[in-house]
Each structure stands twice: as C-alpha cells, then as structure tokens.
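J.: Below is the structure I would like to discuss, written out as structure tokens.
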Amino acid sequence: MKVIVAGAGGRMGVANIKAIANHPDLLLHAAIGRPGSAVIGKDAGSFVGGDALGVAITDDIDAVLDGADAIIDFTAPGASVALAQKAAARGLVHIIGTTGCSEADDAAIAAAGAAGARIVKSGNFSMGMVVLANLVRQAAAALADYDVEIFEMHHAKKVDAPSGTALMLGEAAAAGRNVLLKDKKVSGRDGHTGAREPGTIGFTALRGGTVIGDHMVILAGPSERIELNHKAEDRTIYANGAARAVLWAYGQKPGLYSMVDVLGLTD
C-alpha cells in the first residue's frame, strides 16, 4: 500500500516514515511538511536518518494524492479536518493521531468517514494503551462507586492538555459507567474546591522535559486503590500501531473507526 505521511517534520512524522520504510507491506508514497519548513525538499529517508527513499518532502498535498492509498496524519486539528475531506473525495484510508480536536472538528471528521473515507482516529495508537483503555472500561464498570482520577505527563513542548490519551482513558471509564465524559470531567483543581463530587472523572496534566507519555488511571475506593499504568519509551509504538491500522482499514467500508475496532476489542 502506498502511504502519505503528513507532518513529516514532526516527532511522529519521523517515527511514521521510519515505520513505513521498515514495513514489508507499505511504501512511502509522499511526505508532507508545513509550508516554509526547513525540511521541504529533503529526501524523507535521509531526513529520518535512514537510506534515501527517493521521496522529497513537499508542502503540496494535492500534487501527491494521485496513486496514494492512505494518509497517516499526526498534525493539528485544522489540518486533519482538511485531510479527511480530501481522503473522502478519493476514498482513501486516513489514520488520524491528532489530538486537541474540538467537537466541531470531530463532527467534520465523522462526516468525512460517512462521505467515503476509511478513517481510524485514536488518541493513542499503542497496542498496550488500547488494551489498557479496555481494562479501564471494565474496571470502571465493575467498581462503579470508586473515584476515577487520570494522571498524565508529557514533554514540555506538548500544546494540548489533558492529552488525547488521557481523554481516551476518560472516555473508556465513562463508557464503563454509561455516562458522558463531558458531563463528568473535572480538570485542574485549584483553590478551595470543596469535597470531591461522586461520579466525576478527574484529570491532572504535567508537562516537562522530554517525557514521551506517562499515564495512570487510579480507581480509589474504601481502604484500597487500584492503579493502571502505561509508560511509553519510544514513539515507535505509535507508528507501528498506525501502520497496523492502515492495513486493517484498507479492507473496511467507509466510516469512522477506532483502534478498538482494529484490535477486535469491541463487545
């Protein structure tokens, strides 16, 4: 399959290019960088420290869509919406790891799936994290009266909080209790907050250094506490998950999917 990597100059762009270059069933069709970026014109393989691939990083997505099968996109909300619309117009696979999307962004992406794109969108593409989210859903359901708190830490340059992964874990806990996260979410407690409201799902976000991603879900009950942890040590885990999602989505009908679908964890 021929794959376009969007956000080629970013951390995940680099990881995605490497993953595709090393995958026997995927071929790097194009790499897209931001207009004006210093990476434009560089060979994508050489840029990520590997062998030259004969694919120059470009800022013109429309010039490279012909012949492509899929787009892997860890960029920004506005860019992901625009790419989803292009994927819909051509019936492409679109893998979205972008976080910080608004409800309007998510609605536009879902509409692109309905219009012909095969989209897999996830707050995290790690196999381990997807399994962890499934465990969180089950634990939250089984321990319905336990308080749920979600802690996350990322590198100093991350621009959104809570992280997309933390929100994914929160959605899993909410789903386990048949509630909506938006109705139960509490972030950034400060000052005289009063007692914790039962049934809420709390978030704490830390930023600093070069941390790739640490997440902990705490279920605190009477005289005991359960902690479910995940620590990312290399961005390769996300890129490998995105590559797996590409191959899975290629055989699916148009629509919006998640990594739960890719791993077959749906009930």
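Each chain in the structure tokens gets a letter, A, B and so on, in the order shown; residues start at 1 in every chain, and ligands are counted from 1 in the order they appear.
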List the neighbours of A:Leu247 out to 12 Å using only C-alpha atoms; skip same-chain residues closer than 2 positions along the sequence, and give me the result as number ranges by chain.
T.: A: 1-3, 20, 23-27, 69-72, 92-95, 118-120, 240-245, 249-252, 262-263
J.: Based on the selection just made, write N, CA, C and O atoms of those residues as a CSV table (one decimal), in the first residue's frame.
T.:
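result.csv, written as the output of this step:
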```csv
chain,number,residue,atom,x,y,z
A,1,MET,N,0.8,-1.2,0.0
A,1,MET,CA,0.0,0.0,0.0
A,1,MET,C,0.9,1.2,0.0
A,1,MET,O,1.9,1.3,0.7
A,2,LYS,N,0.4,2.2,-0.7
A,2,LYS,CA,1.2,3.5,-0.9
A,2,LYS,C,0.6,4.5,0.1
A,2,LYS,O,-0.5,4.9,0.1
A,3,VAL,N,1.5,5.0,1.0
A,3,VAL,CA,1.1,5.8,2.1
A,3,VAL,C,1.7,7.2,2.1
A,3,VAL,O,2.9,7.4,1.8
A,20,ILE,N,7.1,3.0,8.1
A,20,ILE,CA,6.7,2.6,6.7
A,20,ILE,C,7.9,2.1,6.0
A,20,ILE,O,7.8,1.1,5.2
A,23,HIS,N,8.5,-1.5,6.9
A,23,HIS,CA,7.3,-2.4,6.8
A,23,HIS,C,7.3,-3.1,5.4
A,23,HIS,O,7.3,-2.4,4.4
A,24,PRO,N,7.2,-4.4,5.4
A,24,PRO,CA,7.2,-5.1,4.1
A,24,PRO,C,6.0,-4.8,3.2
A,24,PRO,O,6.1,-5.0,2.0
A,25,ASP,N,4.9,-4.4,3.8
A,25,ASP,CA,3.6,-4.3,3.0
A,25,ASP,C,3.3,-2.8,2.8
A,25,ASP,O,2.2,-2.5,2.2
A,26,LEU,N,4.1,-1.9,3.2
A,26,LEU,CA,3.8,-0.5,3.0
A,26,LEU,C,4.9,0.2,2.2
A,26,LEU,O,6.1,-0.1,2.4
A,27,LEU,N,4.6,1.2,1.5
A,27,LEU,CA,5.5,2.0,0.7
A,27,LEU,C,5.3,3.5,0.9
A,27,LEU,O,4.1,3.9,0.8
A,69,ASP,N,-2.9,5.4,-1.4
A,69,ASP,CA,-3.9,4.5,-0.8
A,69,ASP,C,-4.3,5.0,0.6
A,69,ASP,O,-5.4,4.8,1.0
A,70,ALA,N,-3.4,5.7,1.2
A,70,ALA,CA,-3.6,6.1,2.6
A,70,ALA,C,-2.8,7.3,3.0
A,70,ALA,O,-1.8,7.6,2.4
A,71,ILE,N,-3.3,8.0,4.1
A,71,ILE,CA,-2.7,9.1,4.7
A,71,ILE,C,-2.5,8.8,6.2
A,71,ILE,O,-3.5,8.4,6.9
A,72,ILE,N,-1.3,8.9,6.7
A,72,ILE,CA,-1.1,8.9,8.2
A,72,ILE,C,-0.9,10.3,8.6
A,72,ILE,O,0.0,11.0,8.2
A,92,LEU,N,-9.8,7.3,0.3
A,92,LEU,CA,-8.6,6.8,0.9
A,92,LEU,C,-8.8,6.4,2.4
A,92,LEU,O,-9.7,6.8,3.1
A,93,VAL,N,-7.8,5.6,2.8
A,93,VAL,CA,-7.6,5.3,4.3
A,93,VAL,C,-7.0,6.6,4.9
A,93,VAL,O,-6.1,7.1,4.4
A,94,HIS,N,-7.5,7.0,6.0
A,94,HIS,CA,-7.0,8.1,6.7
A,94,HIS,C,-6.8,7.8,8.2
A,94,HIS,O,-7.8,7.5,8.9
A,95,ILE,N,-5.6,7.7,8.6
A,95,ILE,CA,-5.2,7.4,10.0
A,95,ILE,C,-4.9,8.7,10.8
A,95,ILE,O,-4.0,9.4,10.4
A,118,ARG,N,-12.1,6.0,4.8
A,118,ARG,CA,-12.0,4.9,5.8
A,118,ARG,C,-11.0,5.4,6.9
A,118,ARG,O,-9.8,5.4,6.7
A,119,ILE,N,-11.6,6.0,8.0
A,119,ILE,CA,-10.8,6.7,9.0
A,119,ILE,C,-10.7,5.9,10.2
A,119,ILE,O,-11.6,5.3,10.7
A,120,VAL,N,-9.5,5.8,10.7
A,120,VAL,CA,-9.2,5.3,12.1
A,120,VAL,C,-8.6,6.5,12.9
A,120,VAL,O,-7.6,7.0,12.6
A,240,ASN,N,4.0,2.0,14.8
A,240,ASN,CA,3.7,0.7,14.4
A,240,ASN,C,2.2,0.4,14.5
A,240,ASN,O,1.6,-0.3,13.7
A,241,GLY,N,1.5,1.0,15.5
A,241,GLY,CA,0.1,0.9,15.6
A,241,GLY,C,-0.6,1.6,14.4
A,241,GLY,O,-1.6,1.0,13.9
A,242,ALA,N,-0.1,2.7,14.0
A,242,ALA,CA,-0.7,3.4,12.8
A,242,ALA,C,-0.5,2.6,11.6
A,242,ALA,O,-1.4,2.5,10.7
A,243,ALA,N,0.6,1.9,11.4
A,243,ALA,CA,0.8,1.1,10.2
A,243,ALA,C,-0.1,-0.1,10.2
A,243,ALA,O,-0.7,-0.5,9.2
A,244,ARG,N,-0.3,-0.7,11.4
A,244,ARG,CA,-1.3,-1.8,11.5
A,244,ARG,C,-2.7,-1.3,11.2
A,244,ARG,O,-3.5,-2.0,10.5
A,245,ALA,N,-3.1,-0.1,11.6
A,245,ALA,CA,-4.4,0.5,11.3
A,245,ALA,C,-4.6,0.7,9.8
A,245,ALA,O,-5.7,0.5,9.3
A,249,ALA,N,-7.7,-1.0,7.9
A,249,ALA,CA,-8.7,-0.1,7.4
A,249,ALA,C,-8.9,-0.3,5.9
A,249,ALA,O,-10.0,0.0,5.3
A,250,TYR,N,-7.9,-0.7,5.2
A,250,TYR,CA,-7.9,-0.8,3.7
A,250,TYR,C,-9.0,-1.8,3.3
A,250,TYR,O,-9.6,-1.6,2.2
A,251,GLY,N,-9.3,-2.8,4.1
A,251,GLY,CA,-10.4,-3.7,3.8
A,251,GLY,C,-11.7,-3.4,4.4
A,251,GLY,O,-12.6,-4.3,4.3
A,252,GLN,N,-11.9,-2.2,4.9
A,252,GLN,CA,-13.2,-1.9,5.6
A,252,GLN,C,-14.0,-1.0,4.7
A,252,GLN,O,-13.6,-0.4,3.7
A,262,VAL,N,-9.7,-2.0,15.4
A,262,VAL,CA,-8.6,-2.6,14.7
A,262,VAL,C,-8.1,-3.8,15.5
A,262,VAL,O,-7.8,-4.9,14.9
A,263,LEU,N,-8.2,-3.8,16.8
A,263,LEU,CA,-7.7,-4.9,17.6
A,263,LEU,C,-8.8,-5.9,17.9
A,263,LEU,O,-8.6,-6.9,18.6
```
J.: Based on DSSP run over this structure's backbone, return all residues of stretch 8-107 of chain A in strand (DSSP E or B), as number ranges by chain.
T.: A: 27-32, 43, 56, 58, 70-73, 93-96
J.: Could you write out the selected residues, including all heavy atoms, as a CSV table (one decimal), in the first residue's frame?
T.:
```csv
chain,number,residue,atom,x,y,z
A,27,LEU,N,4.6,1.2,1.5
A,27,LEU,CA,5.5,2.0,0.7
A,27,LEU,C,5.3,3.5,0.9
A,27,LEU,O,4.1,3.9,0.8
A,27,LEU,CB,5.4,1.7,-0.8
A,27,LEU,CG,6.3,2.4,-1.8
A,27,LEU,CD1,7.8,2.0,-1.6
A,27,LEU,CD2,5.9,2.2,-3.2
A,28,LEU,N,6.3,4.2,1.2
A,28,LEU,CA,6.2,5.7,1.4
A,28,LEU,C,5.9,6.3,0.0
A,28,LEU,O,6.8,6.4,-0.8
A,28,LEU,CB,7.4,6.3,2.0
A,28,LEU,CG,7.3,7.8,2.4
A,28,LEU,CD1,6.2,8.0,3.4
A,28,LEU,CD2,8.6,8.4,2.8
A,29,HIS,N,4.7,6.8,-0.2
A,29,HIS,CA,4.3,7.4,-1.4
A,29,HIS,C,4.7,8.9,-1.5
A,29,HIS,O,5.1,9.5,-2.5
A,29,HIS,CB,2.8,7.3,-1.7
A,29,HIS,CG,2.3,7.9,-2.9
A,29,HIS,ND1,2.5,7.4,-4.2
A,29,HIS,CD2,1.5,9.0,-3.1
A,29,HIS,CE1,1.9,8.2,-5.1
A,29,HIS,NE2,1.3,9.2,-4.4
A,30,ALA,N,4.5,9.6,-0.3
A,30,ALA,CA,4.9,11.0,-0.2
A,30,ALA,C,5.0,11.4,1.2
A,30,ALA,O,4.5,10.7,2.1
A,30,ALA,CB,3.8,11.9,-0.9
A,31,ALA,N,5.7,12.5,1.5
A,31,ALA,CA,5.8,13.1,2.8
A,31,ALA,C,5.5,14.5,2.8
A,31,ALA,O,6.1,15.2,1.9
A,31,ALA,CB,7.2,12.8,3.4
A,32,ILE,N,4.6,15.0,3.7
A,32,ILE,CA,4.2,16.4,3.6
A,32,ILE,C,4.7,17.2,4.8
A,32,ILE,O,4.5,16.7,6.0
A,32,ILE,CB,2.6,16.4,3.6
A,32,ILE,CG1,2.1,15.5,2.5
A,32,ILE,CG2,2.1,17.9,3.4
A,32,ILE,CD1,2.5,15.9,1.1
A,43,ASP,N,15.2,14.6,1.1
A,43,ASP,CA,14.7,13.2,1.0
A,43,ASP,C,14.2,12.7,2.3
A,43,ASP,O,14.9,12.8,3.4
A,43,ASP,CB,15.9,12.3,0.5
A,43,ASP,CG,15.4,10.9,0.3
A,43,ASP,OD1,15.5,10.1,1.3
A,43,ASP,OD2,15.1,10.6,-0.9
A,56,ALA,N,11.0,13.2,-2.0
A,56,ALA,CA,11.3,14.5,-1.4
A,56,ALA,C,10.1,15.0,-0.6
A,56,ALA,O,9.0,15.0,-1.1
A,56,ALA,CB,11.6,15.5,-2.5
A,58,THR,N,7.5,17.5,0.6
A,58,THR,CA,6.8,18.6,-0.1
A,58,THR,C,5.8,19.2,0.8
A,58,THR,O,5.4,18.7,1.8
A,58,THR,CB,6.1,18.0,-1.4
A,58,THR,OG1,5.5,19.1,-2.1
A,58,THR,CG2,5.1,17.0,-1.1
A,70,ALA,N,-3.4,5.7,1.2
A,70,ALA,CA,-3.6,6.1,2.6
A,70,ALA,C,-2.8,7.3,3.0
A,70,ALA,O,-1.8,7.6,2.4
A,70,ALA,CB,-3.3,4.9,3.6
A,71,ILE,N,-3.3,8.0,4.1
A,71,ILE,CA,-2.7,9.1,4.7
A,71,ILE,C,-2.5,8.8,6.2
A,71,ILE,O,-3.5,8.4,6.9
A,71,ILE,CB,-3.4,10.4,4.6
A,71,ILE,CG1,-3.7,10.7,3.1
A,71,ILE,CG2,-2.7,11.6,5.2
A,71,ILE,CD1,-4.7,11.9,2.9
A,72,ILE,N,-1.3,8.9,6.7
A,72,ILE,CA,-1.1,8.9,8.2
A,72,ILE,C,-0.9,10.3,8.6
A,72,ILE,O,0.0,11.0,8.2
A,72,ILE,CB,0.1,8.0,8.6
A,72,ILE,CG1,-0.2,6.5,8.2
A,72,ILE,CG2,0.4,8.1,10.1
A,72,ILE,CD1,0.9,5.5,8.5
A,73,ASP,N,-1.6,10.7,9.6
A,73,ASP,CA,-1.8,12.1,9.9
A,73,ASP,C,-1.7,12.4,11.5
A,73,ASP,O,-2.7,12.1,12.2
A,73,ASP,CB,-3.1,12.6,9.3
A,73,ASP,CG,-3.6,13.9,9.9
A,73,ASP,OD1,-2.8,14.7,10.4
A,73,ASP,OD2,-4.8,14.1,9.8
A,93,VAL,N,-7.8,5.6,2.8
A,93,VAL,CA,-7.6,5.3,4.3
A,93,VAL,C,-7.0,6.6,4.9
A,93,VAL,O,-6.1,7.1,4.4
A,93,VAL,CB,-6.8,4.1,4.5
A,93,VAL,CG1,-6.4,4.0,5.9
A,93,VAL,CG2,-7.5,2.8,4.0
A,94,HIS,N,-7.5,7.0,6.0
A,94,HIS,CA,-7.0,8.1,6.7
A,94,HIS,C,-6.8,7.8,8.2
A,94,HIS,O,-7.8,7.5,8.9
A,94,HIS,CB,-7.9,9.3,6.6
A,94,HIS,CG,-7.4,10.6,7.2
A,94,HIS,ND1,-8.2,11.7,7.3
A,94,HIS,CD2,-6.1,11.0,7.6
A,94,HIS,CE1,-7.4,12.7,7.8
A,94,HIS,NE2,-6.2,12.3,8.0
A,95,ILE,N,-5.6,7.7,8.6
A,95,ILE,CA,-5.2,7.4,10.0
A,95,ILE,C,-4.9,8.7,10.8
A,95,ILE,O,-4.0,9.4,10.4
A,95,ILE,CB,-4.0,6.4,10.1
A,95,ILE,CG1,-4.2,5.2,9.2
A,95,ILE,CG2,-3.7,6.1,11.5
A,95,ILE,CD1,-5.5,4.4,9.5
A,96,ILE,N,-5.7,9.0,11.8
A,96,ILE,CA,-5.6,10.3,12.5
A,96,ILE,C,-5.2,10.1,13.9
A,96,ILE,O,-5.9,9.5,14.7
A,96,ILE,CB,-6.9,11.0,12.5
A,96,ILE,CG1,-7.4,11.2,11.0
A,96,ILE,CG2,-6.8,12.4,13.2
A,96,ILE,CD1,-8.8,11.9,10.9
```
J.: Pick out the residues sitting within 12 Å of A:Ile226, and hand them over as a ChimeraX atom specification; count only C-alpha atoms, and ignore anything fewer than 2 positions along from it in its own chain.
T.: /A:135-136,139-140,143,146-150,216-224,228-229
J.: For stretch 201-212 of chain A, please output as a ChimeraX atom specification all residues within 8 Å (counting only C-alpha atoms; exclusion window: fewer than 6 positions along the same chain).
T.: /A:147-158,161-163,166,170,174,181,184-188,232-235
J.: Using Å and a single decimal, report how far atom CA of A:Val131 sits from atom CA of A:Arg225.
T.: 20.3 Å
J.: If we count only C-alpha atoms, what is near stretch 104-110 of chain A at a cut-off of 8 Å, once residues fewer than 4 positions away on the same chain are taken out, given as a list of chain:residue names?
T.: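 Answer for this query is A:Pro77, A:Gly78, A:Ser80, A:Val81, A:Ala84, A:Gln85, A:Ala114, A:Gly255, A:Leu256.
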J.: Go ahead and save the picked residues with all heavy atoms, as a PDB file, in the first residue's frame.
T.:
```
ATOM      1  N   PRO A  77      -5.550  19.913  14.452  1.00  0.00           N
ATOM      2  CA  PRO A  77      -6.969  19.715  14.139  1.00  0.00           C
ATOM      3  C   PRO A  77      -7.422  20.253  12.788  1.00  0.00           C
ATOM      4  O   PRO A  77      -8.078  19.542  12.013  1.00  0.00           O
ATOM      5  CB  PRO A  77      -7.670  20.428  15.297  1.00  0.00           C
ATOM      6  CG  PRO A  77      -6.736  20.260  16.439  1.00  0.00           C
ATOM      7  CD  PRO A  77      -5.363  20.404  15.834  1.00  0.00           C
ATOM      8  N   GLY A  78      -7.067  21.498  12.473  1.00  0.00           N
ATOM      9  CA  GLY A  78      -7.500  22.060  11.199  1.00  0.00           C
ATOM     10  C   GLY A  78      -6.958  21.296  10.012  1.00  0.00           C
ATOM     11  O   GLY A  78      -7.666  21.061   9.021  1.00  0.00           O
ATOM     12  N   SER A  80      -6.053  18.136   9.989  1.00  0.00           N
ATOM     13  CA  SER A  80      -6.670  16.807   9.934  1.00  0.00           C
ATOM     14  C   SER A  80      -8.058  16.862   9.317  1.00  0.00           C
ATOM     15  O   SER A  80      -8.448  15.962   8.558  1.00  0.00           O
ATOM     16  CB  SER A  80      -6.743  16.199  11.334  1.00  0.00           C
ATOM     17  OG  SER A  80      -5.457  15.885  11.807  1.00  0.00           O
ATOM     18  N   VAL A  81      -8.822  17.895   9.616  1.00  0.00           N
ATOM     19  CA  VAL A  81     -10.147  18.049   9.002  1.00  0.00           C
ATOM     20  C   VAL A  81     -10.004  18.204   7.493  1.00  0.00           C
ATOM     21  O   VAL A  81     -10.724  17.560   6.712  1.00  0.00           O
ATOM     22  CB  VAL A  81     -10.893  19.252   9.613  1.00  0.00           C
ATOM     23  CG1 VAL A  81     -12.140  19.578   8.791  1.00  0.00           C
ATOM     24  CG2 VAL A  81     -11.272  18.957  11.061  1.00  0.00           C
ATOM     25  N   ALA A  84      -9.039  14.911   5.977  1.00  0.00           N
ATOM     26  CA  ALA A  84     -10.165  13.976   5.981  1.00  0.00           C
ATOM     27  C   ALA A  84     -11.087  14.227   4.799  1.00  0.00           C
ATOM     28  O   ALA A  84     -11.597  13.289   4.169  1.00  0.00           O
ATOM     29  CB  ALA A  84     -10.934  14.093   7.302  1.00  0.00           C
ATOM     30  N   GLN A  85     -11.297  15.478   4.480  1.00  0.00           N
ATOM     31  CA  GLN A  85     -12.149  15.821   3.345  1.00  0.00           C
ATOM     32  C   GLN A  85     -11.513  15.381   2.029  1.00  0.00           C
ATOM     33  O   GLN A  85     -12.204  14.904   1.119  1.00  0.00           O
ATOM     34  CB  GLN A  85     -12.424  17.319   3.363  1.00  0.00           C
ATOM     35  CG  GLN A  85     -13.302  17.742   4.536  1.00  0.00           C
ATOM     36  CD  GLN A  85     -13.341  19.224   4.786  1.00  0.00           C
ATOM     37  OE1 GLN A  85     -12.545  19.982   4.226  1.00  0.00           O
ATOM     38  NE2 GLN A  85     -14.258  19.670   5.632  1.00  0.00           N
ATOM     39  N   ALA A 114     -18.316   9.225   6.665  1.00  0.00           N
ATOM     40  CA  ALA A 114     -19.608   8.909   6.044  1.00  0.00           C
ATOM     41  C   ALA A 114     -19.599   9.196   4.554  1.00  0.00           C
ATOM     42  O   ALA A 114     -20.353   8.586   3.791  1.00  0.00           O
ATOM     43  CB  ALA A 114     -20.714   9.704   6.726  1.00  0.00           C
ATOM     44  N   GLY A 255     -16.116   4.832   6.737  1.00  0.00           N
ATOM     45  CA  GLY A 255     -16.664   5.096   8.062  1.00  0.00           C
ATOM     46  C   GLY A 255     -15.581   5.562   9.002  1.00  0.00           C
ATOM     47  O   GLY A 255     -14.410   5.696   8.634  1.00  0.00           O
ATOM     48  N   LEU A 256     -15.964   5.820  10.231  1.00  0.00           N
ATOM     49  CA  LEU A 256     -15.050   6.262  11.281  1.00  0.00           C
ATOM     50  C   LEU A 256     -14.868   5.131  12.276  1.00  0.00           C
ATOM     51  O   LEU A 256     -15.837   4.639  12.863  1.00  0.00           O
ATOM     52  CB  LEU A 256     -15.608   7.506  11.986  1.00  0.00           C
ATOM     53  CG  LEU A 256     -14.810   8.033  13.182  1.00  0.00           C
ATOM     54  CD1 LEU A 256     -13.402   8.445  12.766  1.00  0.00           C
ATOM     55  CD2 LEU A 256     -15.550   9.204  13.824  1.00  0.00           C
TER      56      LEU A 256
END
```
J.: Fewer than 6 positions away in the same chain doesn't count, so skip those; otherwise give me all residues within 12 Å of A:Leu265, counting only C-alpha atoms, as a ChimeraX atom specification.
T.: /A:127,130-135,137-138,258-259
J.: I need the residue nearest A:Leu167 from this list: A:Gly100, A:Gly191, A:Gly128, A:Gly116. Use only C-alpha atoms for the distance.
T.: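 Of A:Gly100, A:Gly191, A:Gly128, A:Gly116, the one nearest A:Leu167 is A:Gly100, counting only C-alpha atoms.
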J.: Between atom CA of A:Asp214 and atom CA of A:His230, what is the distance, to one decimal in Å?
T.: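 So the answer is 6.0 Å.
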J.: Which value, in Å to one decimal, gives the distance between atom CA of A:Asn22 and atom CA of A:Gly45?
T.: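 About the pair atom CA of A:Asn22 and atom CA of A:Gly45: they are 10.8 Å apart.
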J.: With only C-alpha atoms as the atoms that count, which of A:Thr75, A:Thr266, A:Ser102, A:Thr236 lies nearest to A:Ala15?
T.: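 Of A:Thr75, A:Thr266, A:Ser102, A:Thr236, the one nearest A:Ala15, counting only C-alpha atoms, is A:Thr236.
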J.: Would you list, as a ChimeraX atom specification, the residues of stretch 93-244 of chain A that end up in alpha helix (DSSP H) under DSSP run on this structure's backbone?
T.: /A:103-114,127-142,164-176,181-184,236-244
J.: For A:Asn178, which of A:Ile237, A:Ala88, A:Ala141, A:Ala19 is the closest residue, counting only C-alpha atoms?
T.: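 For A:Asn178, the nearest of the given residues is A:Ala141.
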J.: What lies within 9 Å of A:Ala76 using only C-alpha atoms, ignoring chain neighbours under 6 positions off, as a list of chain:residue names?
T.: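 After dropping sequence-adjacent residues, the list is A:Gly7, A:Thr98, A:Thr99, A:Gly100, A:Cys101.
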